[in-house]
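**Student:** So that we are looking at the same thing, I have put the structure below in structure tokens.
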Amino acid sequence: MLRQQWERVGQKDFRSLADYVAPLDSGQPDYVGAFAVTTGIGCDELAAEFEDDHDEYSSIMAKAVADRLAEAFAEYLHHYVRTHAWHYEHEHAYQPEDLIAEKYRGIRPAFGYPACPDHTRKTPLFELLDATTNTGITLTESYAMWPAASVSGMYFAHPEARYFAVDRILKDQVESYAERTGMTIDMVERWLAPNLGY
């Protein structure tokens, strides 16, 4: 995982998602969850039917509802992991408004978003989950998920886990990341271009 390097006023910690997993030498067992969900199967065909009828509004709404349902599905699974799979939270510990405000313990970051901006890491995630076979989701050559109403990522349960942005990274981290991921420096620079601080 990448680590924050760009110093901000008052910043004391330079976070990485790796901070939320117990080191191997700690002797403490720990887990990271992985998921891929979709609610978009058939959505494009439905949207196309609306477009053929010159009903752009319904086409847009079908896609928007599918997107929201995919996010809701991912959030439901995160709740299930916290309450049933990993058992660190009581099923009715929070009111709906607390869930909306994300007051619960744990995060579900996704590749391509601020804490882990490298979209290419979706490939090993999809291989781990056999996601295409199990869900029908495929990755495009630019690592977008298809159907579009799909969500994938990881679950972290560490009590201090929170969302953050890696933001700008320097050449030393690019070189280290390339070595750790097996990518060339050119590939890392290509996929992380918006994050380069040099």
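Chain lettering (A, B, ...) mirrors the order of the structure tokens, residue numbering begins at 1 for each chain separately, and ligand numbering begins at 1 in order of display.
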Mind checking which residues fall within 9 Å of A:Leu2, counting only C-alpha atoms, ignoring those fewer than 3 positions away in the same chain, and posting them as a PDB file with N, CA, C and O atoms, in the first residue's frame?

**Tutor:**
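Wrote selection19.pdb, looks like this:
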ATOM      1  N   ARG A  15      -0.254   8.252   6.966  1.00  0.00           N
ATOM      2  CA  ARG A  15      -1.011   7.010   6.984  1.00  0.00           C
ATOM      3  C   ARG A  15      -0.824   6.148   5.728  1.00  0.00           C
ATOM      4  O   ARG A  15      -0.583   6.650   4.646  1.00  0.00           O
ATOM      5  N   SER A  16      -0.997   4.861   5.964  1.00  0.00           N
ATOM      6  CA  SER A  16      -1.074   3.854   4.910  1.00  0.00           C
ATOM      7  C   SER A  16      -2.111   2.846   5.364  1.00  0.00           C
ATOM      8  O   SER A  16      -2.260   2.594   6.568  1.00  0.00           O
ATOM      9  N   LEU A  17      -2.840   2.247   4.431  1.00  0.00           N
ATOM     10  CA  LEU A  17      -3.790   1.204   4.822  1.00  0.00           C
ATOM     11  C   LEU A  17      -3.088   0.032   5.499  1.00  0.00           C
ATOM     12  O   LEU A  17      -3.687  -0.668   6.315  1.00  0.00           O
ATOM     13  N   ALA A  18      -1.804  -0.151   5.209  1.00  0.00           N
ATOM     14  CA  ALA A  18      -1.039  -1.215   5.858  1.00  0.00           C
ATOM     15  C   ALA A  18      -0.954  -1.010   7.369  1.00  0.00           C
ATOM     16  O   ALA A  18      -0.756  -1.972   8.119  1.00  0.00           O
ATOM     17  N   ALA A 115      -7.407   6.655  -0.572  1.00  0.00           N
ATOM     18  CA  ALA A 115      -6.497   5.909   0.312  1.00  0.00           C
ATOM     19  C   ALA A 115      -5.680   4.862  -0.443  1.00  0.00           C
ATOM     20  O   ALA A 115      -4.627   4.434   0.038  1.00  0.00           O
ATOM     21  N   CYS A 116      -6.161   4.440  -1.595  1.00  0.00           N
ATOM     22  CA  CYS A 116      -5.447   3.455  -2.429  1.00  0.00           C
ATOM     23  C   CYS A 116      -5.734   3.775  -3.893  1.00  0.00           C
ATOM     24  O   CYS A 116      -6.560   3.117  -4.525  1.00  0.00           O
ATOM     25  N   PRO A 117      -5.090   4.806  -4.424  1.00  0.00           N
ATOM     26  CA  PRO A 117      -5.459   5.345  -5.739  1.00  0.00           C
ATOM     27  C   PRO A 117      -5.079   4.505  -6.958  1.00  0.00           C
ATOM     28  O   PRO A 117      -5.483   4.847  -8.068  1.00  0.00           O
ATOM     29  N   ASP A 118      -4.361   3.419  -6.785  1.00  0.00           N
ATOM     30  CA  ASP A 118      -3.916   2.610  -7.915  1.00  0.00           C
ATOM     31  C   ASP A 118      -5.013   1.648  -8.365  1.00  0.00           C
ATOM     32  O   ASP A 118      -5.294   0.647  -7.705  1.00  0.00           O
ATOM     33  N   VAL A 166      -4.023   9.567   0.158  1.00  0.00           N
ATOM     34  CA  VAL A 166      -2.568   9.448   0.020  1.00  0.00           C
ATOM     35  C   VAL A 166      -2.011  10.756  -0.519  1.00  0.00           C
ATOM     36  O   VAL A 166      -0.986  11.228  -0.066  1.00  0.00           O
ATOM     37  N   ILE A 169       2.853  11.704  -3.860  1.00  0.00           N
ATOM     38  CA  ILE A 169       3.935  10.810  -3.471  1.00  0.00           C
ATOM     39  C   ILE A 169       5.184  11.186  -4.246  1.00  0.00           C
ATOM     40  O   ILE A 169       5.114  11.768  -5.322  1.00  0.00           O
ATOM     41  N   GLN A 173       9.034   6.632  -3.152  1.00  0.00           N
ATOM     42  CA  GLN A 173       7.910   5.737  -2.910  1.00  0.00           C
ATOM     43  C   GLN A 173       7.456   5.063  -4.207  1.00  0.00           C
ATOM     44  O   GLN A 173       7.078   3.891  -4.209  1.00  0.00           O
ATOM     45  N   VAL A 174       7.512   5.770  -5.306  1.00  0.00           N
ATOM     46  CA  VAL A 174       7.176   5.179  -6.604  1.00  0.00           C
ATOM     47  C   VAL A 174       8.109   4.017  -6.889  1.00  0.00           C
ATOM     48  O   VAL A 174       7.671   2.940  -7.305  1.00  0.00           O
ATOM     49  N   TYR A 177       7.252   1.148  -4.504  1.00  0.00           N
ATOM     50  CA  TYR A 177       5.957   0.569  -4.868  1.00  0.00           C
ATOM     51  C   TYR A 177       6.090  -0.284  -6.131  1.00  0.00           C
ATOM     52  O   TYR A 177       5.514  -1.373  -6.205  1.00  0.00           O
TER      53      TYR A 177
END

**Student:** Can you tell me which residues surround A:Ile107 at a distance of at most 9 Å, considering only C-alpha atoms, apart from same-chain residues fewer than 6 positions away, and format the answer as a PyMOL selection string?

**Tutor:** chain A and resi 78+154-158+161-163

**Student:** I need the residues of stretch 19-191 of chain A that end up classed as alpha helix (DSSP H) by DSSP on the backbone, written out as a PyMOL selection string.

**Tutor:** chain A and resi 43-52+56-80+96-100+122-129+131-135+171-181+185-191

**Student:** Write down as a ChimeraX atom specification the residues of stretch 32-143 of chain A whose backbone DSSP state falls under strand (DSSP E or B).

**Tutor:** /A:33-38,107,113,116,138-139

**Student:** List the spatial neighbours of A:Trp146 as a ChimeraX atom specification - criterion: any atom at most 9 Å away, only C-alpha atoms, same-chain residues fewer than 2 positions off excluded.

**Tutor:** /A:38,40-41,136-140,144,148-150

**Student:** Could you check how far atom CA of A:Phe14 sits from atom CA of A:Arg105, in Å to one decimal?

**Tutor:**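 Between atom CA of A:Phe14 and atom CA of A:Arg105 the gap is 20.4 Å.
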
**Student:** Residues near A:Lys171, anyone? I mean within 8 Å using only C-alpha atoms, not counting same-chain ones fewer than 3 positions away, as a VMD selection string.

**Tutor:** chain A and resid 174 to 175 196 to 198
